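Worksheet for the structure shown next.
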Amino acid sequence: MATADEIRELMRTEGAAIAENTQGFNTGRYDSVGDLEDYEDLKRAARGIKEDAIEELPELLDQLTETVEANGGTVYIADDAADANEYIRDVAHERAADRVVKSKSMTSEEIEVNEALEADGVDVVETDLGEWVLQIADEAPSHIVAPAPPPFNEQFDPDEPLETAAELTHFAREKLGEQIIDAEVGITGANFIAADTGTMALVTSEGNARKTVAATDTHVAVAGVEKVIPTVADLHPFIELIGRSGTGQDITSYVSLLTPPVDTPVVDFTDDETPLSEFDSDRDFHLVLIDNGRLEMRDDEQLRETLYCIRCSACSNSCANFQSVGGHAFGGETYSGGIATGWEAGIEGLDVAEEFNDLCTGCTRCVNACPVGIDIPWINTVVRDRINRDKEAPGEWLVDGLTPDEEDDGAPLQKRFFGNFETVAKLGSATAPVSNWLADTTLARQTMSRVLGIDPRRDLPAFERETLVDWAGDRDSQVTNPERRAVLYPDLYTNHVQVERGKAAVRVLESLGVDVVVPPAPSSGRAPLSQGMVATATDHAERVTEALEPHIADGRDVVVIEPSDHAMFTREYERLLDESSFTDIAANSYEVFEYVFGLLDNGASVDSLSTVTGAEIAYHSHCQQRTLGLEAHTVAVLEECGYDVVTSDVECCGMAGSFGYKSDYYELSMDVGDRLRTQLEDDGVQDRPVVASGTSCLEQIDALLERQPRHPIELLAT
Amino acid sequence: MESKRASFEGALEALGVTVSSTSESELEAAVTEAVTEPAVGVALDETVGDGTFSLVETPITVDPTPAALREATTGVTGAELGVGDYGSLVLSMTEQASELVSLFVERHVAILYEEDIQPDMDAAVAELDERFTETNGSAIIATGPSATADMGALVKGAHGPKEVHVIVVEGED
């Protein structure tokens with residue numbers, strides 16, 4: 001696991017470049033997919049093709065083997081990296097190859113084929129310019145798609161120092177061009193391979209993959225077994241999605257559709273007598289398909305989805321933490337970003353995944369960005385759960401009582417503390433304000449820092465003595481002939497800490513003719529889920545459903561203030577509950593502004609609310625709320641109430657529940673938050689009052705700005 | 001037809017690809033105008049279809065030696081298809097070495113029949129699916145010049161051509 005010092009150092013040395021690249025690609029992605037009328041249809045089609053392909057993988061591998069062999073090539077399915085490398089070394093040896101040229105391929109990085117060939121004395125040359133720079137600098141790649149500064153002047157001492165990007169590119173092109181035409185073997189990856197014809201798709205921009213194949217007489221394609229799809233026609237959605245999702249290009253310069261061995265003549269580039277067409281096209285083709293843990297992943301219900309990944313890097317670029325630390329912290333042996341947890345857990349093991357898995361906060365911003373709709377946060381949660389269960393038990397003395405959870409004893413103490421925050425909150429309210437005074441003492445903060453890793457620079461939440469449930473229980477409904485009836489879910493923070501926003505929500509709903517009750521209910525399970533405590537979260541989900549079910553049966557809608565809890569009900573509970581329980585709660589739950597929007601849309605009058613005329617306001621929506629498509633409702637309601645609204649567009653505030661409280665991640669959390677701060681201090685925004693929907697966001701903004709933010713529902717209450 | 005071509009040419013323009021149009025009878029002149037010498041090319045009947053014309057009367061060396069290819073600035077080949085909404089060209093890979101001629105040069109001049117412009121990527125892939133199933137063929141979907149951002153800024157002309165010019169051959173009507 002990256003320590004606070006390592007993360008700080010990475011942010012200092014690489015942070016600016018990482019931020020510029022990832023945010024540039026991410027913005028490009030939004031623009032580029034925005035141009036696609038049928039974006040969602042294409043994603044669904046791509047997802048469907050991958051689901052079917054992985055389901056039928058054994059049959060497709062058989063079919064592909066037959067096709068490639070009929071085309072005149074050879075297929076080798078390698079059990080693991082060593083097996084694959086032995087085969088490739090044999091191919092190079094039989095060809096008596098002095099030089100192998102390679103186009104970029106993550107799978108070949110995974111098996112470390114360069115090292116294997118170099119040990120045999122073969123000169124291996126990466127031809128992708130970025131990879132070549134890394135090879136020269138002798139650095140392991142940290143990225144799937146991203147540039148690096150080239151040390152050509154130091155390495156090659158050219159006559160004239162190379163300065164501009166154009167000069168550097170031209171130099172690399174010439175240098176590599178000479179090496180490519182002199183090579184015997186060309187190694188490429190394959191983004192997709194169609195089983196029906198044996199056609200492989202290679203997605204590149206520089207043209208080096210084309211040259212690697214065209215200029216050599218032995219073509220070795222290295223790919224994971226999961227790259228097989230049924231037909232050439234199935235390539236269509238991927239061709240449209242992969243460039244847009246990755247770097248924000250509508251399509252990369254070259255999509256090679258090769259049915260090897262290809263017909264291009266194998267020429268001697270020094271020959272000045274023989275016309276090109278008179279050379280023959282005698283070319284060997286070897287397709288090396290790597291298992292290396294993938295077939296076991298296929299059998300693993302939770303990791304299986306990882307195999308749908310097309311390695312576009314959208315999950316990296318859309319990730320707020322990745323935008324700050326990049327792949328050196330947020331990555332394993334080969335893969336980086338959110339989906340890397342699945343790849344590294346499946347290929348290398350839990351120990352490698354553990355090194356970076358905590359950097360996924362579960363914000364879900366990658367979910368909609370993923371062209372094949374992989375639930376990447378869920379994979380991270382499951383792997384975290386497995387890592388927890390792999391651990392030795394922490395000290396029993398603190399676990400008992402404070403952590404009444406469903407976990408085996410493995411989960412680290414810090415995770416169990418945050419996972420069981422409900423217990424802390426109950427105790428906190430029951431003994432407030434004494435609990436708040438005590439918690440704020442130096443001694444208490446030192447102990448929390450030492451034992452639980454809670455960063456002393458964070459303000460702690462102050463618990464209210466009277467909870468929202470207590471307040472509502474002591475008061476009668478203000479509505480006589482209700483239009484609708486609702487149960488307001490008393491989420492943990494609204495009930496114990498941000499009680500005022502809960503009261504405001506009750507008043508707003510009543511103003512719009514809704515009869516509201518606020519019954520006691522367990523916390524949603526968001527806290528334990530984000531610590532990877534799936535069994536505990538499931539227990540919460542079941543108890544929440546039990547508490548709310550009678551109200552739903554009674555015809556009440558469930559209204560939720562905290563977006564991360566609403567996301568639990570409508571998204572994550574699908575993983576935790578049986579289908580009918582999930583459907584019941586998901587179909588009847590509304591984020592509070594979604595609900596207000598619906599009421600206004602169905603005839604309730606905005607005049608019942610507190611309205612203004614053109615007052616300026618800045619709104620920061622919540623990450624999980626945005627993933628569910630619910631940002632627009634808040635903006636629309638605020639506008640209808642007369643506000644002039646500007647919105648932030650950062651992927652996440654950086655707080656992400658407990659994440660920003662943890663000492664190891666405090667500075668990262670503030671670095672992510674800094675992007676939000678910049679937007680909120682922009683010209684024309686800096687004087688606007690700030691409203692935000694999420695508890696974490698409110699805490700983070702409170703730490704970032706002088707202005708104290710509020711939940712937007714508080715603006716509407718009369 | 002007009003809208004397919006308009007969207008194709010609009011997309012090419014956005015990619016920085018220049019376009020000219022000509023009739024079959026004026027093709028040799030159009031090609032001559034489009035190349036920067038030294039220029040090499042692939043015999044057109046291999047890639048453009050009905051082979052009613054050749055490049056003999058142009059300054060282009062057809063079917064060059066490898067050494068001549070390496071000296072050349074411009075490579076002239078046919079394109080199998082155009083893709084309307086992307087401005088992509090589908091380049092075939094034949095025994096005539098069209099892949100080498102379109103790739104190992106700084107300027108690629110592609111000759112495309114107007115009727116081969118497909119409306120969108122869906123149609124183009126469907127067409128390729130049909131052809132590949134029949135012929136076990138290969139093709140490159142090439143969109144704009146080769147490019148890289150790996151040296152710190154976007155540069156056109158990485159390993160492949162830095163300029164692309166498309167000559168659209170209009171049907172005689």
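We name chains A, B, ... following the order of the structure tokens; residues begin at 1 in each chain, and ligands are numbered from 1 as shown.
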Determine which residues of segment 458-623 of chain A DSSP labels as strand (DSSP E) from the backbone of this structure, then write them out as a PyMOL selection string.
chain A and resi 484-489+514-517+557-560+589-591+616-620
Okay, now the selection with N, CA and C atoms, as a CSV table (one decimal), in the first residue's frame?
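Final output, saved to part_2.csv:
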```
chain,number,residue,atom,x,y,z
A,484,ARG,N,-49.5,13.1,-1.5
A,484,ARG,CA,-48.7,11.9,-1.4
A,484,ARG,C,-48.3,11.6,0.0
A,485,ARG,N,-47.8,10.4,0.2
A,485,ARG,CA,-47.3,10.1,1.6
A,485,ARG,C,-45.9,9.5,1.4
A,486,ALA,N,-45.0,10.0,2.3
A,486,ALA,CA,-43.6,9.5,2.2
A,486,ALA,C,-43.0,9.2,3.5
A,487,VAL,N,-42.0,8.3,3.4
A,487,VAL,CA,-41.2,8.1,4.6
A,487,VAL,C,-39.8,8.7,4.3
A,488,LEU,N,-39.4,9.6,5.1
A,488,LEU,CA,-38.1,10.2,4.9
A,488,LEU,C,-37.0,9.3,5.6
A,489,TYR,N,-36.1,8.8,4.8
A,489,TYR,CA,-35.1,7.9,5.4
A,489,TYR,C,-34.1,8.7,6.2
A,514,VAL,N,-47.1,16.7,1.1
A,514,VAL,CA,-46.7,15.4,1.4
A,514,VAL,C,-46.8,15.1,2.9
A,515,ASP,N,-47.4,14.0,3.2
A,515,ASP,CA,-47.4,13.6,4.6
A,515,ASP,C,-46.1,12.8,4.8
A,516,VAL,N,-45.3,13.2,5.9
A,516,VAL,CA,-44.0,12.7,6.1
A,516,VAL,C,-43.9,12.0,7.4
A,517,VAL,N,-43.3,10.8,7.4
A,517,VAL,CA,-42.9,10.2,8.7
A,517,VAL,C,-41.4,9.9,8.6
A,557,ASP,N,-43.8,6.6,-0.4
A,557,ASP,CA,-42.5,6.7,-1.1
A,557,ASP,C,-41.4,6.8,-0.2
A,558,VAL,N,-40.2,6.3,-0.5
A,558,VAL,CA,-39.0,6.5,0.3
A,558,VAL,C,-38.2,7.7,-0.2
A,559,VAL,N,-38.0,8.7,0.6
A,559,VAL,CA,-37.3,9.9,0.2
A,559,VAL,C,-35.9,9.9,0.9
A,560,VAL,N,-34.8,10.1,0.2
A,560,VAL,CA,-33.5,10.0,0.7
A,560,VAL,C,-32.8,11.3,0.5
A,589,SER,N,-37.7,4.4,-4.1
A,589,SER,CA,-36.8,5.4,-3.5
A,589,SER,C,-36.5,6.5,-4.4
A,590,TYR,N,-36.5,7.7,-3.8
A,590,TYR,CA,-36.2,8.9,-4.6
A,590,TYR,C,-35.2,9.8,-3.8
A,591,GLU,N,-34.2,10.3,-4.5
A,591,GLU,CA,-33.4,11.3,-3.9
A,591,GLU,C,-34.3,12.5,-3.7
A,616,GLU,N,-27.7,34.3,-7.0
A,616,GLU,CA,-26.7,33.5,-7.6
A,616,GLU,C,-26.2,32.4,-6.6
A,617,ILE,N,-26.0,31.2,-7.1
A,617,ILE,CA,-25.6,30.1,-6.2
A,617,ILE,C,-24.7,29.2,-7.0
A,618,ALA,N,-23.8,28.5,-6.3
A,618,ALA,CA,-22.9,27.5,-6.9
A,618,ALA,C,-23.3,26.1,-6.3
A,619,TYR,N,-23.5,25.2,-7.2
A,619,TYR,CA,-23.9,23.8,-6.7
A,619,TYR,C,-22.9,22.8,-7.1
A,620,HIS,N,-22.5,22.0,-6.1
A,620,HIS,CA,-21.7,20.8,-6.3
A,620,HIS,C,-22.5,19.6,-6.1
```
Please list as a ChimeraX atom specification every residue within 8 Å of segment 182-197 of chain A, counting only C-alpha atoms and excluding residues in the same chain fewer than 5 positions away.
/A:60-61,63-64,67-68,92,95,97-108,202-203,209,212-213,215-223,227-232,234-235,259,310 /B:132-133,136
Using only C-alpha atoms, which residues of chain B come within 8 Å of chain A, and what is the closest atom pair for each, with the distance in Å to one decimal? Give it as a tab-separated table, sorted by chain and residue number.
```
residue	atom	partner	partner_atom	distance
B:Asp63	CA	A:Pro275	CA	5.5
B:Pro64	CA	A:Pro275	CA	5.1
B:Thr65	CA	A:Pro275	CA	4.2
B:Pro66	CA	A:Phe269	CA	4.9
B:Ala67	CA	A:Asp272	CA	4.8
B:Ala68	CA	A:Asp272	CA	6.7
B:Arg70	CA	A:Phe269	CA	7.8
B:Tyr86	CA	A:Ile251	CA	7.7
B:Met93	CA	A:Thr264	CA	6.0
B:Thr94	CA	A:Asp263	CA	5.5
B:Glu95	CA	A:Thr264	CA	5.2
B:Gln96	CA	A:Ser277	CA	4.6
B:Ala97	CA	A:Thr264	CA	5.2
B:Ser98	CA	A:Thr264	CA	7.6
B:Glu99	CA	A:Thr264	CA	6.6
B:Leu100	CA	A:Ala214	CA	7.0
B:Leu103	CA	A:Gly207	CA	7.6
B:Met121	CA	A:His236	CA	7.1
B:Asp122	CA	A:His236	CA	6.0
B:Val125	CA	A:His236	CA	6.1
B:Ala126	CA	A:Ala233	CA	5.8
B:Leu128	CA	A:Val232	CA	7.9
B:Asp129	CA	A:Val232	CA	5.3
B:Phe132	CA	A:Thr197	CA	7.0
B:Thr133	CA	A:Thr197	CA	6.2
B:Asn136	CA	A:Thr259	CA	6.1
B:Gly137	CA	A:Thr259	CA	6.0
B:Ser138	CA	A:Leu258	CA	4.6
B:Ala139	CA	A:Leu257	CA	5.2
B:Ile140	CA	A:Ser256	CA	4.4
B:Ile141	CA	A:Val255	CA	5.0
B:Ala142	CA	A:Tyr254	CA	4.7
B:Thr143	CA	A:Ser253	CA	4.6
B:Gly144	CA	A:Ser253	CA	5.9
B:Pro145	CA	A:Ser253	CA	6.6
B:Ser146	CA	A:Glu206	CA	5.0
B:Ala147	CA	A:Glu206	CA	5.1
B:Thr148	CA	A:Glu206	CA	5.7
B:Ala149	CA	A:Pro147	CA	6.7
B:Asp150	CA	A:Pro147	CA	4.3
B:Met151	CA	A:Ala165	CA	5.0
B:Gly152	CA	A:Ala165	CA	5.9
B:Ala153	CA	A:Ala165	CA	5.8
B:Leu154	CA	A:Ala165	CA	7.7
B:Val155	CA	A:Ala166	CA	5.8
B:Gly157	CA	A:Glu206	CA	7.5
B:Ala158	CA	A:Glu206	CA	5.0
B:His159	CA	A:Gly207	CA	5.1
B:Gly160	CA	A:Gly207	CA	5.1
```
Selection export as a compact mmCIF listing (two decimals), in the first residue's frame, atoms kept: C-alpha atoms:
```txt
# COMPACT_ATOMS: atom_id res chain seq x y z
CA ASP B 63 5.54 -0.91 -58.38
CA PRO B 64 8.85 0.59 -57.21
CA THR B 65 11.81 -1.21 -55.72
CA PRO B 66 12.14 -1.14 -51.93
CA ALA B 67 14.98 1.35 -52.25
CA ALA B 68 12.81 3.64 -54.40
CA ARG B 70 12.31 4.54 -49.14
CA TYR B 86 -15.51 9.50 -39.65
CA MET B 93 -3.44 -5.11 -48.08
CA THR B 94 -2.54 -6.74 -51.35
CA GLU B 95 0.35 -8.66 -52.83
CA GLN B 96 1.08 -5.44 -54.76
CA ALA B 97 2.38 -4.01 -51.47
CA SER B 98 -0.19 -1.25 -51.15
CA GLU B 99 0.37 -1.44 -47.39
CA LEU B 100 4.02 -0.50 -47.84
CA LEU B 103 2.74 3.62 -45.01
CA MET B 121 -18.94 2.89 -39.60
CA ASP B 122 -21.72 0.39 -39.12
CA VAL B 125 -17.84 -2.86 -40.95
CA ALA B 126 -20.79 -4.82 -42.34
CA LEU B 128 -15.84 -5.67 -44.50
CA ASP B 129 -17.45 -8.54 -42.61
CA PHE B 132 -13.46 -10.97 -45.07
CA THR B 133 -15.76 -13.95 -44.78
CA ASN B 136 -9.88 -13.92 -45.54
CA GLY B 137 -8.74 -10.42 -46.37
CA SER B 138 -7.12 -7.73 -44.30
CA ALA B 139 -7.60 -3.97 -44.30
CA ILE B 140 -6.62 -0.83 -42.48
CA ILE B 141 -9.22 1.68 -41.39
CA ALA B 142 -7.05 4.79 -41.70
CA THR B 143 -8.37 8.06 -40.34
CA GLY B 144 -6.26 11.12 -40.99
CA PRO B 145 -2.46 11.14 -40.87
CA SER B 146 -0.45 9.09 -38.38
CA ALA B 147 -0.05 10.98 -35.14
CA THR B 148 1.46 10.85 -31.68
CA ALA B 149 1.31 12.93 -28.54
CA ASP B 150 4.10 10.95 -26.90
CA MET B 151 6.69 13.70 -27.29
CA GLY B 152 4.74 16.25 -25.32
CA ALA B 153 2.46 17.73 -27.98
CA LEU B 154 0.37 16.36 -30.82
CA VAL B 155 2.60 15.77 -33.85
CA GLY B 157 3.56 12.06 -38.92
CA ALA B 158 4.71 9.49 -36.39
CA HIS B 159 5.64 6.22 -38.09
CA GLY B 160 3.25 6.70 -40.99
```
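In this model, the gap between atom CA of Gly346 of chain A and atom CA of Ala53 of chain A comes to 18.6 Å.
Note that the spacing between atom CA of Thr494 of chain A and atom CA of Arg458 of chain A amounts to 19.5 Å.
Of the listed residues (A:Arg384, A:Arg44, A:Lys50, A:Arg389), A:Lys50 comes nearest to Glu226 of chain A; the distances count only C-alpha atoms.
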Which residues are close to segment 18-29 of chain B, i.e. within 7 Å by only C-alpha atoms, leaving aside same-chain residues fewer than 4 positions away? Reply as a PyMOL selection string.
chain B and resi 12-13+33+55+57-58+164-172
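Ranking A:Ala535, A:Ala604, A:Val544, A:Ala329 by their shortest atom-to-atom distance to Ile585 of chain A, with only C-alpha atoms included, puts A:Val544 first.
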My list of candidates is B:Glu163, B:Glu130, B:Glu37, B:Glu80. Which is closest to Tyr113 of chain B when distances are computed with only C-alpha atoms?
B:Glu80
Considering only helix (DSSP H, G or I) as DSSP defines it on the backbone, what residues of segment 44-127 of chain B qualify? List them as a PyMOL selection string.
chain B and resi 44-46+66-71+98-103+114-116+121-127
Interatomic distance, atom CA of Leu241 of chain A to atom CA of Ala16 of chain A (Å, one decimal)
27.7 Å
